[in-house]
Amino acid sequence: MKGALAWPFMRLYLLTLFYFSGNSILNVLIPLKGEALGASNTTIGVIMGAYLFTTMLFRPWAGGLIQRHGPIKVLRVILLVNSVALVMYAVTGLGGFFVARVLQGVCTAFFSMALQLGIIDALPDKDRSQGISMYSLCSYLPGMIGPVLAIGIWQTGDMNLFAIIMIAIAILTGAVGYTAKMDAKADEPSAESGQHSQATAMLQSFGQLVHNPHLFKSSVLMLSASLIFGTVTTFIPLYAAQIESGSAAVYLMLQAAVVVAARFVFRKKIPSDGKWHSFFMMGTMLILASSSLSVSLAATTGAILFYAGALLMGVAQALLYPTLTTYLSFVLPKENRNVLIGLFIAMADLGVSLGGIVMGPVADLTSYSMMYLICTILGTAMILVAYDRRSLAERPSTKLSDVVKAKSDNL
């Protein structure tokens with residue numbers, strides 16, 4: 001196989017699968033254990049949100065550091081730190097989970113940037129979106145098994161099994177990671193590191209977040225969508241208990257399965273031409289808003305809408321992130337592209353963390369159903385943000401007069 005499915009890249013996708021396996025279990029176990037210990041939704045949201053909030057803070061720095069030292073060197077260091085975090089989950093209680101979430105958040109900032117920037121730099125333009133989509137697909141594959149495994153561990157009450165699984169994931173991730181390789185082109189330090197200091201590049205990148213219209217629009221959409229994704233991840237394990245025939249494990253499995261299936265089926269359909277496709281993006285945000293509405297109404301209508309929301313949420317997740325990341329890889333200035341993509345991904349992390357931190361108090365003050373209704377309103381507003389009149393104006397005209405004129409110009 002060639003391109004994005006060549007063996008060196010397949011090994012990177014396998015590493016991604018192992019790395020995110022622990023999180024697929026923790027996303028269910030931490031809320032359940034927190035509720036059992038009497039923690040409020042606000043407390044649970046802070047613990048869950050600490051992971052990606054930390055990732056968000058370190059993401060731009062990670063992008064610059066990877067440019068300077070190369071992805072492989074950085075990858076091997078953070079895999080050691082990640083192993084420490086996983087072992088902490090195995091030997092500590094709820095209080096230690098917060099520290100472990102922060103530590104793992106730092107690791108994830110460097111891990112995801114190292115792999116994604118390595119893939120972007122190593123693949124030709126035509127395969128870039130497929131590579132990013134395959135990376136994202138493998139980051140969601142553990143979600144098809146992890147929730148069921150987590151529920152099984154919780155129901156048996158055997159936390160020794162939980163400890164064994166966390167340690168096993170740490171060992172497998174380290175073993176695969178230390179044998180992974182990337183194209184020499186991706187492992188070469190960027191010329192940018194010799195021209196500007198990392199601190200200067202980061203300060204300039206924050207200004208680009210506002211002044212660069214491509215980065216601004218993409219970041220607003222990703223931040224809002226990620227807030228909805230984070231709200232689902234954090235509170236579905238608790239909300240499912242209020243729905244007749246509702247199961248958090250089934251919901252999360254369905255969502256992950258749809259993400260995996262959609263990203264594999266549509267991996268070549270995701271735009272990879274550097275243009276903004278308004279209808280595609282508006283349709284994706286409509287799917288997201290519809291999924292949140294279905295989850296909100298499930299409290300009164302039952303499990304059918306609940307699981308329908310999982311299917312729609314999976315489609316939205318499958319399409320949004322690789323589309324925006326690929327688009328930015330074309331339109332951002334090449335000299336600081338990696339740092340700016342790091343900032344964009346940091347907005348995704350911030351959104352997921354806010355889903356727990358901000359929406360936890362909302363759930364405490366109102367209800368889970370109202371919380372997801374607020375998410376629906378936010379998703380609907382993003383349909384307008386996704387609209388771009390200029391992108392529609394750039395579409396080839398199909399008017400008869402224009403066709404005649406085009407033919408006459410060629411004569």
# chains A, B, ... in the order shown; residues from 1 in each chain; ligands from 1
call {"tool": "residues_around", "arguments": {"residues": "Leu238 of chain A", "least_positions_apart": "5", "cutoff": "8 Å", "atoms": "only C-alpha atoms", "output": "short mmCIF file (atom, residue, chain, number, x, y, z; two decimals) with C-alpha atoms, in the first residue's frame"}}
result
data_model
loop_
_atom_site.label_atom_id
_atom_site.label_comp_id
_atom_site.auth_asym_id
_atom_site.auth_seq_id
_atom_site.Cartn_x
_atom_site.Cartn_y
_atom_site.Cartn_z
CA PRO A 31 -17.90 10.45 36.20
CA LEU A 32 -19.36 7.25 37.68
CA ALA A 248 -24.11 5.22 28.31
#
call {"tool": "closest_residue", "arguments": {"among": "A:Gly274, A:Gly230, A:Gly22, A:Gly118", "to": "Met48 of chain A", "atoms": "only C-alpha atoms"}}
result
A:Gly230
call {"tool": "residues_around", "arguments": {"residues": "Gly105 of chain A", "least_positions_apart": "6", "cutoff": "8 Å", "atoms": "only C-alpha atoms", "output": "list in words"}}
result
Ala50, Tyr51, Leu52, Phe53, Thr54 and Thr55 of chain A
call {"tool": "write_last_selection", "arguments": {"atoms": "C-alpha atoms", "output": "CSV table (one decimal), in the first residue's frame"}}
result
chain,number,residue,atom,x,y,z
A,50,ALA,CA,-8.6,19.5,33.3
A,51,TYR,CA,-7.3,17.0,30.8
A,52,LEU,CA,-7.9,18.9,27.6
A,53,PHE,CA,-7.7,22.4,29.3
A,54,THR,CA,-4.1,21.5,30.0
A,55,THR,CA,-3.6,20.1,26.5
call {"tool": "select_by_dssp", "arguments": {"residues": "segment 85-249 of chain A", "states": "helix (DSSP H, G or I)", "output": "PyMOL selection string"}}
result
chain A and resi 85-91+94-122+125-144+146-156+159-177+184-187+192-195+198-211+213-242+248-249
call {"tool": "residues_around", "arguments": {"residues": "Phe98 of chain A", "least_positions_apart": "3", "cutoff": "8 Å", "atoms": "only C-alpha atoms", "output": "PyMOL selection string"}}
result
chain A and resi 47-48+50+94-95+101-102
call {"tool": "closest_residue", "arguments": {"among": "A:Pro271, A:Gly309, A:Gly174, A:Pro237", "to": "Val81 of chain A", "atoms": "only C-alpha atoms"}}
result
A:Gly174
call {"tool": "closest_residue", "arguments": {"among": "A:Phe229, A:Phe306, A:Phe344, A:Phe266", "to": "Leu288 of chain A", "atoms": "only C-alpha atoms"}}
result
A:Phe229
